[in-house]
Amino acid sequence: MNQAEANQTTIRDVAAHVGQTVRIGCWLTRKRSSGKIQFLQLRDGTGFIQGVAAKNEVDEATWAAADRLTQESSLWVTGVVREEPRSPSGYELSVTGVEIIHLSSDYPITPKEHGIDFLMDHRHLWLRSPKQHAVMTIRATIVRAIQEFFDTRGFTQVDAPILTPTSAEGTTNLFHTKYFDEDAFLTQSGQLYMEAAAMALGKVYSFGPTFRAEKSKTRRHLIEFWMIEPEMAFVDHEENLRVQEQFVSHVVQTVLAKNAKELATLERDTSKLEKALAPFPRITYDDAVKFLNANGFPEFVWGEDFGAPHETAIAESYEKPVFITHYPTSLKAFYMKPDPNRPDVVLCADLIAPEGYGEIIGGSQRIDDPSLMEQRFDEHHLSKETYSWYLDLRKYGSVPHSGFGLGLERTVAWICGLDHVRETIPFPRLLYRLYP
């Protein structure tokens, strides 16, 4: 059978062609030879497979073409699909033909060790590696799982604007730009707009990029990242927590079901992810402070915010994500509803991922009382003129409502077991990195 007569397919779909001759467009990741056999490690974007070319089984042109292949050369390969239990994919390709598309030369990322700065400078090429491929594949599964969860539970996806006239949380960590003759900012959250949408559609969520101009270099922070921000009318704090734990559980279990190969490539200990099933444990801020005081942080005082070491210490006491609830009012955003039984704390929660990954969700019940919201505006020195549309939500049919925001990249980092969020997004924007 010549190449033109072979079934064209992808590496992902070779299981449907066992014993058949197939043709695949691919790239060579690496190659080794014993003199009479060439082992070609191939990838096509859908997966990885080994092609084996035996000198006594192929014609001279095919052997010569395989011999000329260099790292990241592109080619059409023809071969017979064989089951191979020793292969990570379970299959192998007995090569019968090689058609070179483009010979690559001096590919900069070699099998030797490279520093992270070098790899980040070549991020456009680093994405081709098996581990980065696995991360991006898992990220795509997470995105689909997120949309599936909300779309099948009566939520409507609503797109929030990226250019806004105000801050969502009254902070100064905003990227400023000019909107013709007006000041504008890159959004740091779509939440306020989701509150407006929830008053129209009941249950909504936004899914889009957000920006924080914080000069942070920690392994948990990006300058540009993606947020999922649901908002729900007629939902209180308790129900909000139930939605969050069901949501996170659904995402994790979907990845476990669909991405076993990718998790194995990343050498992820999936036994820890398997425990991420709702319900999740809860601890109040008060009890968290007491725990910290008794476990290595005796000087931590009530009213301070938790840092990464504190969140990690708390999370280590649990085998699954844990909610920290009822933070001091002074620590949280102006729109969070105070606990009616104790106004110095708010009806809020942060969801802390295990294994040191920190906060992946922040959420709360929102203030629905018009007078209290105006009071908060005065206390936080917010412009009532600029936020007049937001105040209207409390004037015209205000209802109890709640919502939360999940950071996609932190969630990907936790599920994949990565050391830094920079590998969770195709082209990360960091404090000192805007290239490529």
# chains A, B, ... in the order shown; residues from 1 in each chain; ligands from 1
>>> select_by_dssp(residues="range 24-240 of chain A", states="alpha helix (DSSP H)", output="PyMOL selection string")
chain A and resi 60-68+116-121+123-126+130-151+191-201+237-240
>>> residues_around(residues="Pro108 in chain A", least_positions_apart="2", cutoff="10 Å", atoms="only C-alpha atoms", output="PyMOL selection string")
chain A and resi 71+105-106+110-111+114+118-119+122+125-126
>>> write_last_selection(atoms="N, CA and C atoms", output="PDB file, in the first residue's frame")
ATOM      1  N   GLN A  71      15.636  16.918  15.078  1.00  0.00           N
ATOM      2  CA  GLN A  71      14.656  17.275  16.108  1.00  0.00           C
ATOM      3  C   GLN A  71      13.722  18.388  15.624  1.00  0.00           C
ATOM      4  N   SER A 105      16.627  22.779  11.881  1.00  0.00           N
ATOM      5  CA  SER A 105      18.053  22.793  12.226  1.00  0.00           C
ATOM      6  C   SER A 105      18.278  23.651  13.465  1.00  0.00           C
ATOM      7  N   ASP A 106      19.200  23.215  14.299  1.00  0.00           N
ATOM      8  CA  ASP A 106      19.612  23.963  15.501  1.00  0.00           C
ATOM      9  C   ASP A 106      18.433  24.276  16.420  1.00  0.00           C
ATOM     10  N   THR A 110      17.057  21.344  23.659  1.00  0.00           N
ATOM     11  CA  THR A 110      17.606  20.003  23.472  1.00  0.00           C
ATOM     12  C   THR A 110      17.277  19.134  24.688  1.00  0.00           C
ATOM     13  N   PRO A 111      17.582  17.838  24.624  1.00  0.00           N
ATOM     14  CA  PRO A 111      17.286  16.970  25.774  1.00  0.00           C
ATOM     15  C   PRO A 111      18.047  17.325  27.055  1.00  0.00           C
ATOM     16  N   HIS A 114      17.728  22.780  30.858  1.00  0.00           N
ATOM     17  CA  HIS A 114      17.746  24.205  30.557  1.00  0.00           C
ATOM     18  C   HIS A 114      17.187  24.964  31.764  1.00  0.00           C
ATOM     19  N   PHE A 118      15.546  30.476  30.317  1.00  0.00           N
ATOM     20  CA  PHE A 118      15.745  30.067  28.930  1.00  0.00           C
ATOM     21  C   PHE A 118      14.463  29.457  28.369  1.00  0.00           C
ATOM     22  N   LEU A 119      13.841  28.590  29.154  1.00  0.00           N
ATOM     23  CA  LEU A 119      12.613  27.944  28.692  1.00  0.00           C
ATOM     24  C   LEU A 119      11.484  28.950  28.530  1.00  0.00           C
ATOM     25  N   HIS A 122      11.763  30.828  25.419  1.00  0.00           N
ATOM     26  CA  HIS A 122      11.385  29.985  24.284  1.00  0.00           C
ATOM     27  C   HIS A 122      10.044  29.290  24.560  1.00  0.00           C
ATOM     28  N   LEU A 125       8.186  27.445  21.922  1.00  0.00           N
ATOM     29  CA  LEU A 125       8.688  26.130  21.551  1.00  0.00           C
ATOM     30  C   LEU A 125       8.553  25.133  22.703  1.00  0.00           C
ATOM     31  N   TRP A 126       8.706  25.622  23.922  1.00  0.00           N
ATOM     32  CA  TRP A 126       8.610  24.758  25.114  1.00  0.00           C
ATOM     33  C   TRP A 126       7.235  24.082  25.195  1.00  0.00           C
TER      34      TRP A 126
END
>>> atom_distance(atom1="CA of Thr10 in chain A", atom2="CA of Leu256 in chain A")
23.0 Å
>>> closest_residue(among="A:Pro354, A:Ser94, A:Pro230, A:Ile109", to="Ala160 in chain A", atoms="only C-alpha atoms")
A:Pro230
>>> residues_around(residues="Val81 in chain A", least_positions_apart="5", cutoff="8 Å", atoms="only C-alpha atoms", output="VMD selection string")
chain A and resid 14 to 15 17 to 22 91 to 94
>>> write_last_selection(atoms="N, CA and C atoms", output="CSV table (one decimal), in the first residue's frame")
chain,number,residue,atom,x,y,z
A,14,VAL,N,-5.3,6.2,16.9
A,14,VAL,CA,-4.7,5.0,16.3
A,14,VAL,C,-5.3,3.8,16.8
A,15,ALA,N,-5.9,3.8,18.0
A,15,ALA,CA,-6.5,2.6,18.5
A,15,ALA,C,-7.6,2.0,17.6
A,17,HIS,N,-7.3,1.8,14.5
A,17,HIS,CA,-6.7,1.3,13.3
A,17,HIS,C,-5.6,0.2,13.5
A,18,VAL,N,-5.8,-0.5,14.6
A,18,VAL,CA,-4.8,-1.6,14.9
A,18,VAL,C,-4.7,-2.6,13.7
A,19,GLY,N,-3.5,-2.8,13.2
A,19,GLY,CA,-3.3,-3.7,12.1
A,19,GLY,C,-3.5,-3.1,10.8
A,20,GLN,N,-3.8,-1.8,10.7
A,20,GLN,CA,-4.0,-1.1,9.5
A,20,GLN,C,-2.9,-0.2,9.2
A,21,THR,N,-2.7,0.2,7.9
A,21,THR,CA,-1.7,1.2,7.5
A,21,THR,C,-2.3,2.6,7.6
A,22,VAL,N,-1.7,3.4,8.3
A,22,VAL,CA,-2.2,4.8,8.5
A,22,VAL,C,-1.1,5.8,8.0
A,91,TYR,N,0.5,1.8,22.0
A,91,TYR,CA,0.5,1.5,20.6
A,91,TYR,C,1.9,1.9,20.0
A,92,GLU,N,2.2,1.4,18.9
A,92,GLU,CA,3.5,1.7,18.2
A,92,GLU,C,3.2,1.7,16.7
A,93,LEU,N,4.1,2.3,16.0
A,93,LEU,CA,3.9,2.4,14.5
A,93,LEU,C,5.1,1.7,13.8
A,94,SER,N,4.8,0.7,13.0
A,94,SER,CA,5.8,0.1,12.2
A,94,SER,C,5.9,0.9,10.9
>>> residues_around(residues="Ile162 in chain A", least_positions_apart="5", cutoff="10 Å", atoms="only C-alpha atoms", output="PyMOL selection string")
chain A and resi 184-190+208-211
>>> atom_distance(atom1="CA of Tyr193 in chain A", atom2="CA of Arg144 in chain A")
22.9 Å
>>> closest_residue(among="A:Leu406, A:Val243, A:Ala260, A:Leu391", to="Asp369 in chain A", atoms="only C-alpha atoms")
A:Leu391
>>> closest_residue(among="A:Arg410, A:Lys320, A:His420, A:His250", to="Arg282 in chain A", atoms="only C-alpha atoms")
A:Lys320
>>> select_by_dssp(residues="range 48-242 of chain A", states="strand (DSSP E or B)", output="JSON, numbers by chain")
{"A": [48, 49, 50, 51, 52, 53, 54, 74, 75, 76, 77, 78, 79, 80, 81, 82, 83, 91, 92, 93, 94, 95, 96, 97, 98, 99, 100, 101, 102, 156, 157, 163, 164, 176, 177, 178, 179, 182, 183, 184, 185, 186, 203, 204, 205, 206, 207, 208, 209, 210, 211, 224, 225, 226, 227, 228, 229, 230, 231, 232, 233]}
>>> closest_residue(among="A:Ser74, A:Arg86, A:Ser34, A:Ala313", to="Gln50 in chain A", atoms="only C-alpha atoms")
A:Arg86
>>> closest_residue(among="A:Arg30, A:Arg139, A:Arg212, A:Lys384", to="Trp414 in chain A", atoms="only C-alpha atoms")
A:Arg139
>>> atom_distance(atom1="CA of Gln41 in chain A", atom2="CA of Ala264 in chain A")
18.0 Å
>>> residues_around(residues="Gln132 in chain A", least_positions_apart="3", cutoff="9 Å", atoms="only C-alpha atoms", output="list in words")
Trp126, Leu127, Arg128, Ser129, Val135, Met136, Thr137, Leu266, Glu423, Thr424 and Pro426 of chain A
>>> residues_around(residues="Asp392 in chain A", least_positions_apart="6", cutoff="12 Å", atoms="only C-alpha atoms", output="PyMOL selection string")
chain A and resi 192+195-196+199+368-371+373-374+384-386+398
